[in-house]
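Worksheet: the structure to be examined is printed underneath.
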Amino acid sequence: MVTIATSHQRRDNRNFYLWISPWIFGFLVFQVGPMLFSLYLSFIHWSPFGSSQWVGLGQYIRMLHDPLFWKSLKVTGYFTILNVPLSIIAGLAVALLLQREVRGFRFFRTIYFLPRALTGVGVAYLWVYIFSPNFGLLDHLLSYVGVHGPAWLYSRTWVIPAFVLMDIWSAGGGMVIWLGALQDVPKTLYEAASLDGATPWAQFWRITLPMISPVLLFNLVMGVIHSFEVFSNVYVMTAGGPGTSSLFYVLYLFREAFPGFHFGYASALAWTLFLIIMAFTLLIFRTSRAWVYYETEVEGRR
Amino acid sequence: MIQSTRQTKSVSRTAASRARRRRGRHLRTAVIYATLVLGSLGIIVPVLWTASVAIKSRAQLAQYPPRLLNFPMHWENFITAWKAAPFTHYFFNSVEVAFLAVLGTTVSSFIVAYGFARFRGYGRNVLFIMLLATMMVPPQVTMIPTFMLMRFLHWINTFYPLWVPGCFATSGFNVFLLRQFLTGIPRELEEAATMEGASPLHILGRIILPLSMPGLAAVAILSFVWNWTNFMGPLIYLNSQSKWTLPLGLMNFQQQFTPLPNKMMAVSLLITLPIVIVFFVGQRYFMKGIHLGRSLQ
């Protein structure tokens with residue numbers, strides 16, 4: 001009996017490692033290996049001609065005195081603070097409006113999802129023209145209400161809000177994850193609450209929001225990561241301008257790496273980005289104990 | 001007698017309150033629809049407007065204030081703009097990269113997800129957590145060493161760096177999605193087939209694979225969109241014009257020729273069209289709502 005169990009276990013073991021072997025190879029060669037190597041690069045002064053030298057924390061210290069590093073951090077932080085909450089609210093709002101299978105909801109879901117298909121450099125150029133002064137759609141619409149539109153991508157003040165606006169335009173597509181979460185809330189909770197006379201507003205705050213809080217946590221973490229990694233839109237739309245007003249973090253990093261070939265410094269920037277993202281994620285998870293509700297908690301108490 | 005009047009009174013009262021409630025519900029429905037329509041306009045108008053710019057002539061573009069539609073419409077802009085640069089060549093480059101990448105990603109993610117879903121090997125949970133953790137690593141952390149590796153392999157200015165890494169299930173999210181799908185397939189199905197003498201390969205091909213088609217479709221669509229719009233990869237690896245994919249070709253078109261907005265809008269719309277088509281074909285896999293559900297806990 002024991003031998004059968006162990007031979008079964010052994011076969012399972014062999015099969016498991018056989019099937020996942022492609023990932024193990026990819027994980028080591030394209031992920032862990034490069035990660036460790038870039039950590040090493042961040043401690044040296046790399047030269048394309050092969051005379052690299054160990055500088056310890058030198059690159060990181062240089063970063064502290066680099067005004068462009070701080071500027072890119074500020075730009076990215078400002079974008080994140082505006083973008084993450086607004087995108088979450090927009091996605092959830094669309095999902096709440098479309099969760100009931102009212103007439104035409106399929107049509108509306110398709111429309112709100114459409115911007116998720118409209119991505120890439122092509123769409124970035126469409127937005128350049130929408131934001132263009134005078135002839136752009138946005139300024140044209142604003143002129144109807146008597147507002148002389150700002151120059152958007154040419155304005156130091158408005159360039160970041162312009163990128164936020166672009167993201168919110170596609171935020172309705174985030175509804176797909178919210179819809180899944182809303183469907184998973186047990187209907188009996190709402191029935192019990194309306195028997196007790198709870199208003200829809202109270203039901204949202206007391207039932208819906210706590211029940212979908214794990215998904216809120218997920219979207220918060222993903223939103224922060226996504227905002228910190230903005231690159232291609234900025235690269236083609238403003239190239240960090242005007243001046244350095246839209247110098248996003250990854251854009252700065254990329255410039256250091258590719259036209260600049262400062263591999264050591266760029267690696268230090270990359271690891272700092274990784275640490276920032278990890279710190280944010282940890283912070284969100286730490287505080288989440290106070291506001292995220294898990295069904296298993298109740299089961300555990302029983 | 002007294003009782004019956006009281007009854008009618010209460011009946012009429014409930015009827016009144018029901019009517020009021022019905023009116024309230026109608027009002028709420030109207031507000032919901034109004035909001036939905038307004039939001040839809042916000043999404044659709046920019047798209048229609050850029051499309052309308054694409055079919056304007058040079059003179060119509062200069063008209064101020066701009067109008068949504070000018071007549072005659074110049075549909076031929078789509079053709080002249082496309083021919084103004086080697087976009088057909090870029091298109092086939094993009095197709096080649098996307099095809100290889102989608103195939104490699106989907107097949108390898110399925111194989112790895114099957115391993116995680118079906119076999120209890122030592123350290124399975126730890127390995128799966130490591131796979132999920134890689135989703136948090138910014139691609140910029142691995143970018144430079146990967147570039148050095150590709151240069152060592154003499155793969156610069158080839159398509160290999162753009163699709164070979166994907167063949168090793170390097171996207172944790174795809175594996176995660178497929179594993180969710182595969183664990184949802186009841187084991188009894190497999191056991192019953194084994195009892196009837198079906199071989200493991202037969203079970204995989206005839207039972208597991210057909211049942212996981214929706215999951216595979218979702219992964220294929222996501223990876224197509226990602227690869228079709230991939231910008232940083234081609235920017236790093238493809239330096240000769242004959243190798244460029246559509247995003248690079250479009251950027252070069254803009255920077256070198258500073259074309260009129262109508263040409264720019266026309267090409268931008270054309271290169272985005274394949275993604276829109278793929279999404280419309282595959283939307284039923286997304287529209288029901290993605291259930292992250294228990295997996296988050």
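In the structure tokens, chains take letters A, B, ... by order of appearance, with residues numbered from 1 within each chain and ligands from 1 in the order shown.
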
| request: Determine, counting only C-alpha atoms, which protein, DNA and RNA residues have an atom within 12 Å of an atom of stretch 137-143 of chain A; residues of the same chain fewer than 3 positions away are not included. Present the result as JSON, numbers by chain. | output: {"A": [126, 127, 128, 129, 130, 131, 132, 133, 134, 146, 147, 148, 149, 150, 151, 152, 153, 162, 165, 166], "B": [42, 45, 46, 47, 48, 49, 50, 51, 52, 53, 64, 65, 66, 67, 68]}

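Excluding A:His226 itself and same-chain residues fewer than 3 positions from it, the residues having an atom within 12 Å of it are Thr76, Gly77, Phe79, Thr80, Asn83, Val84, Ser87, Asp167, Asn219, Leu220, Val221, Met222, Gly223, Glu229, Val230, Phe231, Val250 and Ile277 of chain A; Met135, Met136, Val137, Pro138 and Pro139 of chain B, counting only C-alpha atoms.
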
Tell me, counting only C-alpha atoms, for each residue of chain B within 6 Å of chain A, which pair of atoms is nearest and how far apart they are in Å to one decimal, in rows ordered by chain and increasing number, as CSV.
```
residue,atom,partner,partner_atom,distance
B:Ile111,CA,A:Trp19,CA,6.0
B:Val112,CA,A:Ile20,CA,4.5
B:Gly115,CA,A:Trp19,CA,4.8
B:Phe119,CA,A:Phe16,CA,5.1
B:Arg120,CA,A:Asp12,CA,5.9
B:Gly121,CA,A:Asn13,CA,4.1
B:Gln140,CA,A:Ala270,CA,5.7
B:Val141,CA,A:Ala270,CA,5.0
B:Thr142,CA,A:Pro34,CA,5.0
B:Pro145,CA,A:Pro34,CA,5.1
B:Phe168,CA,A:Gly26,CA,4.8
B:Ala169,CA,A:Trp23,CA,5.2
B:Thr170,CA,A:Gly26,CA,5.9
B:Thr229,CA,A:Gly120,CA,4.8
B:Pro247,CA,A:Val121,CA,5.6
B:Ser268,CA,A:Gly122,CA,4.1
B:Ile275,CA,A:Ala117,CA,5.9
B:Val276,CA,A:Ala117,CA,5.3
B:Gly289,CA,A:Gly180,CA,4.4
B:Ile290,CA,A:Gly180,CA,4.9
B:His291,CA,A:Gly180,CA,4.5
```

| task | Point out the residue among A:Ser52, A:Lys74, A:Ala90, A:Pro67 with the least atom-to-atom distance to B:Leu36, counting only C-alpha atoms. | result | A:Ala90

| request: as a PyMOL selection string, please: all residues of stretch 157-197 of chain A that backbone DSSP puts in alpha helix (DSSP H). | output: chain A and resi 159-169+175-183+187-195

Could you write out that same residue set with C-alpha atoms as a PDB file, in the first residue's frame?
```pdb
ATOM      1  CA  VAL A 159       0.076  67.784 -19.784  1.00  0.00           C
ATOM      2  CA  ILE A 160      -0.320  65.351 -16.860  1.00  0.00           C
ATOM      3  CA  PRO A 161      -4.106  65.872 -16.540  1.00  0.00           C
ATOM      4  CA  ALA A 162      -4.258  65.212 -20.302  1.00  0.00           C
ATOM      5  CA  PHE A 163      -2.639  61.792 -19.806  1.00  0.00           C
ATOM      6  CA  VAL A 164      -5.026  61.123 -16.919  1.00  0.00           C
ATOM      7  CA  LEU A 165      -7.991  62.008 -19.129  1.00  0.00           C
ATOM      8  CA  MET A 166      -6.746  59.539 -21.724  1.00  0.00           C
ATOM      9  CA  ASP A 167      -6.611  56.764 -19.145  1.00  0.00           C
ATOM     10  CA  ILE A 168     -10.052  57.560 -17.759  1.00  0.00           C
ATOM     11  CA  TRP A 169     -11.465  57.350 -21.271  1.00  0.00           C
ATOM     12  CA  MET A 175     -15.852  46.984 -15.459  1.00  0.00           C
ATOM     13  CA  VAL A 176     -15.261  43.383 -16.581  1.00  0.00           C
ATOM     14  CA  ILE A 177     -13.440  42.577 -13.362  1.00  0.00           C
ATOM     15  CA  TRP A 178     -15.962  44.520 -11.251  1.00  0.00           C
ATOM     16  CA  LEU A 179     -18.896  42.776 -12.945  1.00  0.00           C
ATOM     17  CA  GLY A 180     -17.453  39.417 -11.961  1.00  0.00           C
ATOM     18  CA  ALA A 181     -17.096  40.630  -8.382  1.00  0.00           C
ATOM     19  CA  LEU A 182     -20.620  42.078  -8.223  1.00  0.00           C
ATOM     20  CA  GLN A 183     -22.103  38.831  -9.511  1.00  0.00           C
ATOM     21  CA  LYS A 187     -28.316  37.946  -3.472  1.00  0.00           C
ATOM     22  CA  THR A 188     -29.723  36.883  -0.106  1.00  0.00           C
ATOM     23  CA  LEU A 189     -27.752  39.653   1.602  1.00  0.00           C
ATOM     24  CA  TYR A 190     -29.614  42.300  -0.405  1.00  0.00           C
ATOM     25  CA  GLU A 191     -32.967  40.615   0.181  1.00  0.00           C
ATOM     26  CA  ALA A 192     -32.399  40.554   3.922  1.00  0.00           C
ATOM     27  CA  ALA A 193     -31.257  44.164   3.910  1.00  0.00           C
ATOM     28  CA  SER A 194     -34.253  45.467   1.961  1.00  0.00           C
ATOM     29  CA  LEU A 195     -36.603  43.596   4.306  1.00  0.00           C
TER      30      LEU A 195
END
```

| task | Considering only C-alpha atoms, state which residue in the set A:Ser227, A:Tyr40, A:Gly243, A:Arg286 is at the smallest distance from A:Pro85. | result |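 Residue with the minimum atom-to-atom distance to A:Pro85: A:Ser227.
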
Would you kindly return, as a compact mmCIF listing (two decimals) with all heavy atoms, in the first residue's frame, each protein, DNA or RNA residue with an atom no farther than 8 Å from any atom of B:Ile203, considering only C-alpha atoms and excluding same-chain residues fewer than 5 positions away?
```txt
# COMPACT_ATOMS: atom_id res chain seq x y z
N GLU B 190 -11.92 12.81 -16.34
CA GLU B 190 -10.69 12.13 -16.70
C GLU B 190 -10.68 10.70 -16.19
O GLU B 190 -10.29 9.77 -16.88
CB GLU B 190 -9.50 12.84 -16.07
CG GLU B 190 -8.94 13.94 -16.91
CD GLU B 190 -7.80 14.60 -16.20
OE1 GLU B 190 -6.68 14.09 -16.29
OE2 GLU B 190 -8.06 15.62 -15.53
N ALA B 193 -12.77 8.44 -18.26
CA ALA B 193 -12.13 8.12 -19.53
C ALA B 193 -11.00 7.11 -19.33
O ALA B 193 -10.82 6.20 -20.13
CB ALA B 193 -11.58 9.40 -20.17
N THR B 194 -10.27 7.25 -18.20
CA THR B 194 -9.20 6.29 -17.92
C THR B 194 -9.77 4.89 -17.72
O THR B 194 -9.21 3.90 -18.21
CB THR B 194 -8.43 6.71 -16.65
OG1 THR B 194 -8.21 8.11 -16.71
CG2 THR B 194 -7.10 6.00 -16.55
N ALA B 198 -8.84 5.06 -22.11
CA ALA B 198 -8.25 6.11 -22.94
C ALA B 198 -6.85 6.43 -22.44
O ALA B 198 -6.60 6.44 -21.24
CB ALA B 198 -9.12 7.36 -22.88
N ILE B 208 -9.67 17.54 -22.24
CA ILE B 208 -9.16 18.76 -21.59
C ILE B 208 -9.08 19.91 -22.59
O ILE B 208 -9.57 21.02 -22.32
CB ILE B 208 -7.76 18.52 -20.99
CG1 ILE B 208 -7.74 17.28 -20.11
CG2 ILE B 208 -7.29 19.74 -20.23
CD1 ILE B 208 -8.41 17.43 -18.80
```

For B:Ala59, list every protein, DNA or RNA residue within 12 Å, evaluated using only C-alpha atoms, and leave out those in the same chain fewer than 6 positions away; present the list as a CSV table (one decimal) with all heavy atoms, in the first residue's frame.
```csv
chain,number,residue,atom,x,y,z
B,53,VAL,N,-11.6,63.2,-39.4
B,53,VAL,CA,-10.5,63.9,-39.8
B,53,VAL,C,-9.7,63.2,-40.9
B,53,VAL,O,-9.2,63.8,-41.9
B,53,VAL,CB,-9.5,64.2,-38.6
B,53,VAL,CG1,-8.2,64.8,-39.1
B,53,VAL,CG2,-10.2,65.1,-37.6
B,66,PRO,N,-13.6,73.9,-37.1
B,66,PRO,CA,-13.6,72.5,-37.8
B,66,PRO,C,-15.1,72.0,-37.7
B,66,PRO,O,-15.8,72.3,-36.8
B,66,PRO,CB,-12.7,71.7,-36.9
B,66,PRO,CG,-12.5,72.4,-35.6
B,66,PRO,CD,-12.7,73.8,-35.9
B,70,ASN,N,-17.3,67.0,-43.6
B,70,ASN,CA,-17.2,67.8,-44.8
B,70,ASN,C,-17.5,67.0,-46.0
B,70,ASN,O,-17.2,65.8,-46.1
B,70,ASN,CB,-15.7,68.4,-44.9
B,70,ASN,CG,-15.4,69.4,-43.9
B,70,ASN,OD1,-15.0,69.0,-42.8
B,70,ASN,ND2,-15.7,70.7,-44.1
B,71,PHE,N,-18.1,67.6,-47.0
B,71,PHE,CA,-18.4,66.9,-48.3
B,71,PHE,C,-17.6,67.6,-49.4
B,71,PHE,O,-17.5,68.8,-49.4
B,71,PHE,CB,-19.9,66.9,-48.6
B,71,PHE,CG,-20.6,66.1,-47.5
B,71,PHE,CD1,-21.2,66.7,-46.4
B,71,PHE,CD2,-20.7,64.7,-47.6
B,71,PHE,CE1,-21.9,66.0,-45.5
B,71,PHE,CE2,-21.3,64.0,-46.6
B,71,PHE,CZ,-21.9,64.6,-45.6
B,72,PRO,N,-17.1,66.9,-50.4
B,72,PRO,CA,-17.1,65.4,-50.5
B,72,PRO,C,-16.2,64.7,-49.5
B,72,PRO,O,-15.2,65.3,-49.1
B,72,PRO,CB,-16.7,65.2,-51.9
B,72,PRO,CG,-15.8,66.3,-52.2
B,72,PRO,CD,-16.4,67.5,-51.5
B,73,MET,N,-16.5,63.5,-49.1
B,73,MET,CA,-15.6,62.8,-48.2
B,73,MET,C,-14.5,62.1,-49.0
B,73,MET,O,-14.7,61.6,-50.1
B,73,MET,CB,-16.4,61.7,-47.5
B,73,MET,CG,-17.4,62.3,-46.5
B,73,MET,SD,-18.2,61.0,-45.6
B,73,MET,CE,-19.7,60.8,-46.5
B,74,HIS,N,-13.3,62.1,-48.5
B,74,HIS,CA,-12.1,61.6,-49.2
B,74,HIS,C,-11.6,60.3,-48.7
B,74,HIS,O,-10.6,60.2,-48.0
B,74,HIS,CB,-11.0,62.7,-49.2
B,74,HIS,CG,-11.3,63.9,-49.9
B,74,HIS,ND1,-11.1,64.1,-51.2
B,74,HIS,CD2,-12.0,65.0,-49.5
B,74,HIS,CE1,-11.5,65.3,-51.6
B,74,HIS,NE2,-12.1,65.9,-50.5
B,260,LEU,N,0.3,65.5,-43.0
B,260,LEU,CA,-0.9,66.2,-42.5
B,260,LEU,C,-1.7,65.3,-41.6
B,260,LEU,O,-1.7,64.0,-41.7
B,260,LEU,CB,-1.8,66.5,-43.8
B,260,LEU,CG,-1.2,67.6,-44.7
B,260,LEU,CD1,-2.1,67.7,-45.9
B,260,LEU,CD2,-1.2,68.9,-43.9
B,262,ASN,N,-4.8,64.4,-41.5
B,262,ASN,CA,-5.7,63.4,-42.2
B,262,ASN,C,-4.9,62.1,-42.5
B,262,ASN,O,-5.4,61.0,-42.2
B,262,ASN,CB,-6.4,64.0,-43.4
B,262,ASN,CG,-5.4,64.5,-44.4
B,262,ASN,OD1,-4.2,64.4,-44.2
B,262,ASN,ND2,-5.9,65.0,-45.5
```

| Among stretch 17-204 of chain A, which ones does DSSP place in strand (DSSP E or B), written as an MDAnalysis selection string? | chainID A and resid 44:45 53:54

| field | Within 9 Å of B:Trp75 using only C-alpha atoms, minus same-chain residues under 5 positions, as a list in words | value |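 Everything that qualifies: Ala54, Ile55 and Lys56 of chain B.
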
| Using only C-alpha atoms, which of the listed residues (B:Leu132, B:Met264, B:Leu246, B:Leu269) sits closest to B:Phe87? | B:Leu246

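Across B:Arg21, B:His26, B:Arg58, B:Arg118, the tightest approach to B:Phe181 is made by B:Arg118 when counting only C-alpha atoms.
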